[in-house]
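> Before anything else, here's the structure in question.
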Protein chains: 2
Amino acid sequence: MTPVGGQGSSPGAPRAVDVARLAGVSQKTVSRVFNGERYVSADVRERVLQAAEHLGYRLNGAARALASGRTRSIGVVALGTALYGPASLLIGVERAARDAGYALRVVNTLEGDPGGVAGAVESLLDQGVDGIVVSEPIDEGSVSLSVDIPVLVLGAPAAFGGPRAVAAGVGAESLARAATEHLLDLGHVTVHHLAGPQRWFAARDRLQGWRAALAARDREQPAVIEGDWSASSGYTAGHELAAAGDVTAVFAANDDMAVGLIRALLEAGLRVPEDVSVVGFDDIPVSAYVTPPLTTVRQPFDAVAQEGLRLLVQAIEKPDAEPAPAGDPPVELVVRASTAPPPTDGPYPAAGSRDSAHAPPATTD
Amino acid sequence: MTPVGGQGSSPGAPRAVDVARLAGVSQKTVSRVFNGERYVSADVRERVLQAAEHLGYRLNGAARALASGRTRSIGVVALGTALYGPASLLIGVERAARDAGYALRVVNTLEGDPGGVAGAVESLLDQGVDGIVVSEPIDEGSVSLSVDIPVLVLGAPAAFGGPRAVAAGVGAESLARAATEHLLDLGHVTVHHLAGPQRWFAARDRLQGWRAALAARDREQPAVIEGDWSASSGYTAGHELAAAGDVTAVFAANDDMAVGLIRALLEAGLRVPEDVSVVGFDDIPVSAYVTPPLTTVRQPFDAVAQEGLRLLVQAIEKPDAEPAPAGDPPVELVVRASTAPPPTDGPYPAAGSRDSAHAPPATTD
DNA sequence: CGCAGTCATGACAGCGCAGTCATAGAGGGC
DNA sequence: GCCCTCTATGACTGCGCTGTCATGACTGCG
């Protein structure tokens with residue numbers, strides 16, 4: 001049959017040689033123009049561009065990739081989740097990649113799928129990418145990937161991505177530490193932690209930050225409750241904590257869990273923040289508007305994505321240069337109305353005095 | 001250098017001809033095996049696979065695309081936003097694409113960027129894709145795209161994607177209608193609408209659904225307030241509505257805005273749902289746990305993505321077949337505690353009687 | 001037994017670019 | 001004026017695969 005031409009588009013798509021003919025130059029010169037190479041006279045460049053425009057020419061990426069050995073694309077291994085953090089990171093990565101002149105290919109690891117990351121990476125290698133971003137990977141026991149193209153790991157140790165991988169992190173540990181310290185500074189004797197699933201590196205970092213903050217002040221470390229990031233798991237945890245009876249401050253590993261937690265506390269007759277203070281993590285868009293508005297820490301997703309991609313692109317284009325490690329971005333604690341000093345009369349007031357929970361708390365942005 | 005390779009990477013990566021040599025067959029036969037073509041004996045297939053495994057061979061996608069004219073990839077034009085809806089759709093599309101054997105290339109339109117969708121589509125065409133998914137586009141005035149590869153439009157009229165585009169929708173209009181009717185059924189005389197930005201087709205659909213529900217019962221249509229999807233805009237709108245003084249029911253075009261709205265109402269001394277009922281849209285993960293738990297409608301993102309991709313893949317692979325239009329997915333209203341019959345004693349009770357807002361409302365689901 | 005059909009394989013020719021090298025004119029220094 | 005460098009261009013080749021066609025070996029059936 002008729003051979004199909006063009007890269008998925010019309011068979012009769014114009015090729016560089018057509019443009020060349022029209023412009024009265026060689027195909028190679030067209031290639032030069034489209035790659036911004038030196039040594040093309042302004043005159044010729046202009047003629048070529050006009051001819052190209054006239055014909056509706058566009059470079060064939062497949063042919064270019066085949067001839068050059070580079071696809072100019074970056075693969076992203078993302079989690080198949082609409083969680084705010086991962087989604088934000090993906091957006092940041094896309095923008096940074098595009099700015100750097102790379103296209104993005106995305107593969108999701110289906111949570112629970114064994115060998116998820118490894119499988120996703122395989123599929124990216126099959127597609128042919130110049131570099132790979134592994135976003136917020138889950139520890140699946142596999143020690144590390146072994147790939148021989150540059151890898152960027154976001155939100156996990158670089159080692160996860162293999163010996164030559166680079167990494168960038170949101171500084172989750174210091175953020176978690178800041179959140180915990182905020183509560184301690186308010187006067188709480190200790191802070192409970194509602195952790196994320198510990199298979200996530202991100203969850204571990206937050207746990208570590210919490211531990212570090214308590215350890216630095218010689219505070220007791222209450223037993224950790226592990227959630228699964230969902231508001232539902234926070235809700236369950238909230239009922240447990242309420243039953244425990246000695247809780248005045250909780251640091252939740254993300255805002256969703258914090259919301260569920262608060263709901264459970266309210267249902268148990270505890271006021272937030274009068275009886276129990278709660279800090280979240282992420283600063284999801286609704287955090288400022290839930291009741292009470294949530295004190296939380298904001299993750300610098302964009303900065304991290306940008307910085308990480310810079311490293312990755314450098315590793316792709318200048319494999320020899322020493323990768324300058326990314327500096328930890330600044331900590332940003334957003335104080336709203338879900339935190340306050342601990343109750344002076346003991347955490348558990350007589351039932352019935354919950355009148356102020358709805359008073360409009362000051363919402364600092 | 002090191003052994004294993006992607007295709008933009010090590011120059012020494014094994015090629016089909018290497019595998020062929022090792023297996024004692026021709027290169028063409030290797031190609032046959034890797035494409036699952038008929039007419040390869042089990043014996044030969046096995047030998048080829050073993051040889052390939054031994055060498056760590058993987059098909060070079062660029063060469064394949066060049067020779068076949070198909071990239072086996074689908075481009076997605078997404079919004080650069082971490083909003084729950086768009087993010088969920090993207091996930092659904094990725095899974096569906098992978099299931100169909102297509103890789104995904106993602107380009108975000110930066111909101112506000114003029115010619116955003118058109119530019120994004122251009123960049124996908126440059127990359128070479130077999131089909132394009134335009135997810136929840138914003139109406140930018142451009143009548144429609146003109147592309148000569150198959151296009152799937154999600155959450156907007158098919159016409160937006162050009163004459164030959166297919167479309168799949170979440171059935172936003174009927175969902176919005178169901179939400180509004182739920183409020184009317186509770187006895188509210190009319191329902192206010194906090195709309196999404198009207199440049200979004202999704203927002204228009206919801207507005208239409210609301211209008212249709214009211215019109216069907218000959219109810220007055222109060223002036224629409226337009227938000228920007230954010231909780232913050234919902235908050236502003238909430239204060240406006242509270243000041244208006246005659247509001248007993250509001251349908252917000254998404255959950256984020258509903259949350260902000262509720263916060264503003266509470267601050268204005270109104271109880272939800274006793275004084276004002278609120279329905280959201282999306283069923284974001286925290287909706288069940290905010291105070292009060294939010295009545296909302298759930299969008300069938302996964303089903304829509306799957307159905308849409310089925311249509312797109314069919315358009316790619318069997319251009320002649322008639323595209324069976326997707327049936328509207330079922331409406332799913334999630335009734336929680338933010339809706340109730342209108343106050344019998346008039347919407348504005350004496351201040352001070354806000355004691356029951358914290359009572360644990362029954363949370364369906 | 002002979003011929004048509006099916007099955008299994010290989011030879012060969014591009015797909016549309018970018019890399020390499022060759023070439024030729026335009027300065028520039030002495 | 002000679003040689004050398006820098007600029008600007010083209011001819012040719014090959015990246016690694018798939019499509020097409022050719023070629024046998026084998027079936028089955030009249």
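In the structure tokens, the first chain shown is A, the next is B, and so on; residue numbers restart at 1 for each chain, and ligands run from 1 in the order shown.
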I need the residues of stretch 227-308 of chain B that end up classed as alpha helix (DSSP H) by DSSP on the backbone, written out as a PyMOL selection string.

chain B and resi 231-244+255-267+301-308

> Find the residues in chain D near chain B: any atom within 10 Å counts, using only C-alpha atoms (C1' of nucleotides). Write them as a VMD selection string.

chain D and resid 15 to 19

> Next, dump the selected residues to file, keeping only C-alpha atoms (C1' of nucleotides), as a PDB file, in the first residue's frame.


ATOM      1  C1'  DC D  15      20.938   6.008  12.265  1.00  0.00           C
ATOM      2  C1'  DG D  16      17.745   1.121  13.184  1.00  0.00           C
ATOM      3  C1'  DC D  17      13.794  -0.087  11.966  1.00  0.00           C
ATOM      4  C1'  DT D  18       9.384  -1.628   8.944  1.00  0.00           C
ATOM      5  C1'  DG D  19       7.147  -2.491   4.286  1.00  0.00           C
TER       6       DG D  19
END

> Which RMSD value, in Å, describes how well chain A fits onto chain B when all C-alpha atoms are paired in order and fitted by least squares?

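Once chain A is overlaid on chain B, the RMSD is 1.7 Å.
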
> Show which residues sit within 10 Å of C:DA13, as a PyMOL selection string. Count only C-alpha atoms (C1' of nucleotides), and ignore same-chain residues fewer than 2 positions away.

(chain C and resi 11+15) or (chain D and resi 19-20)

> Keeping only N, CA and C atoms (P, O5', C5', C4', C3', O3' and C1' of nucleotides), write the selected residues to a file as an mmCIF file, in the first residue's frame.


data_model
loop_
_atom_site.group_PDB
_atom_site.id
_atom_site.type_symbol
_atom_site.label_atom_id
_atom_site.label_comp_id
_atom_site.auth_asym_id
_atom_site.auth_seq_id
_atom_site.Cartn_x
_atom_site.Cartn_y
_atom_site.Cartn_z
ATOM 1 P P DA C 11 19.346 -12.868 3.896
ATOM 2 O "O5'" DA C 11 19.069 -11.966 2.610
ATOM 3 C "C5'" DA C 11 18.546 -12.564 1.429
ATOM 4 C "C4'" DA C 11 18.220 -11.497 0.388
ATOM 5 C "C3'" DA C 11 19.112 -10.248 0.421
ATOM 6 O "O3'" DA C 11 19.317 -9.802 -0.911
ATOM 7 C "C1'" DA C 11 16.853 -9.637 0.869
ATOM 8 P P DC C 15 12.071 7.401 1.066
ATOM 9 O "O5'" DC C 15 11.589 7.515 2.579
ATOM 10 C "C5'" DC C 15 10.348 7.005 3.010
ATOM 11 C "C4'" DC C 15 10.292 7.107 4.508
ATOM 12 C "C3'" DC C 15 10.823 8.424 5.047
ATOM 13 O "O3'" DC C 15 9.710 9.273 5.330
ATOM 14 C "C1'" DC C 15 11.751 6.526 6.263
ATOM 15 P P DG D 19 5.145 -1.741 9.025
ATOM 16 O "O5'" DG D 19 5.083 -1.571 7.443
ATOM 17 C "C5'" DG D 19 5.918 -0.627 6.794
ATOM 18 C "C4'" DG D 19 5.874 -0.781 5.300
ATOM 19 C "C3'" DG D 19 4.913 -1.812 4.732
ATOM 20 O "O3'" DG D 19 4.439 -1.362 3.458
ATOM 21 C "C1'" DG D 19 7.147 -2.491 4.286
ATOM 22 P P DT D 20 3.446 -2.256 2.619
ATOM 23 O "O5'" DT D 20 4.387 -2.924 1.520
ATOM 24 C "C5'" DT D 20 5.297 -2.105 0.796
ATOM 25 C "C4'" DT D 20 6.120 -2.963 -0.151
ATOM 26 C "C3'" DT D 20 5.333 -4.084 -0.824
ATOM 27 O "O3'" DT D 20 5.611 -4.049 -2.221
ATOM 28 C "C1'" DT D 20 7.278 -4.964 0.198
#

> Extract, using only C-alpha atoms (C1' of nucleotides), all DNA, RNA and protein residues at most 10 Å from C:DT6, discarding same-chain residues fewer than 3 positions from it, and format them as a PyMOL selection string.

(chain B and resi 39) or (chain D and resi 26-27)

> Using atom CA of B:Tyr84 and atom CA of B:Ser230 as the two end points, give the distance in Å to one decimal.

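Taking atom CA of B:Tyr84 and atom CA of B:Ser230, their separation equals 11.4 Å.
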
> Closest to A:Ala78 among A:Leu124, A:Val133, A:Leu311, A:Ala51, using only C-alpha atoms?

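Once distances to A:Ala78 are computed over only C-alpha atoms, the minimum belongs to A:Val133.
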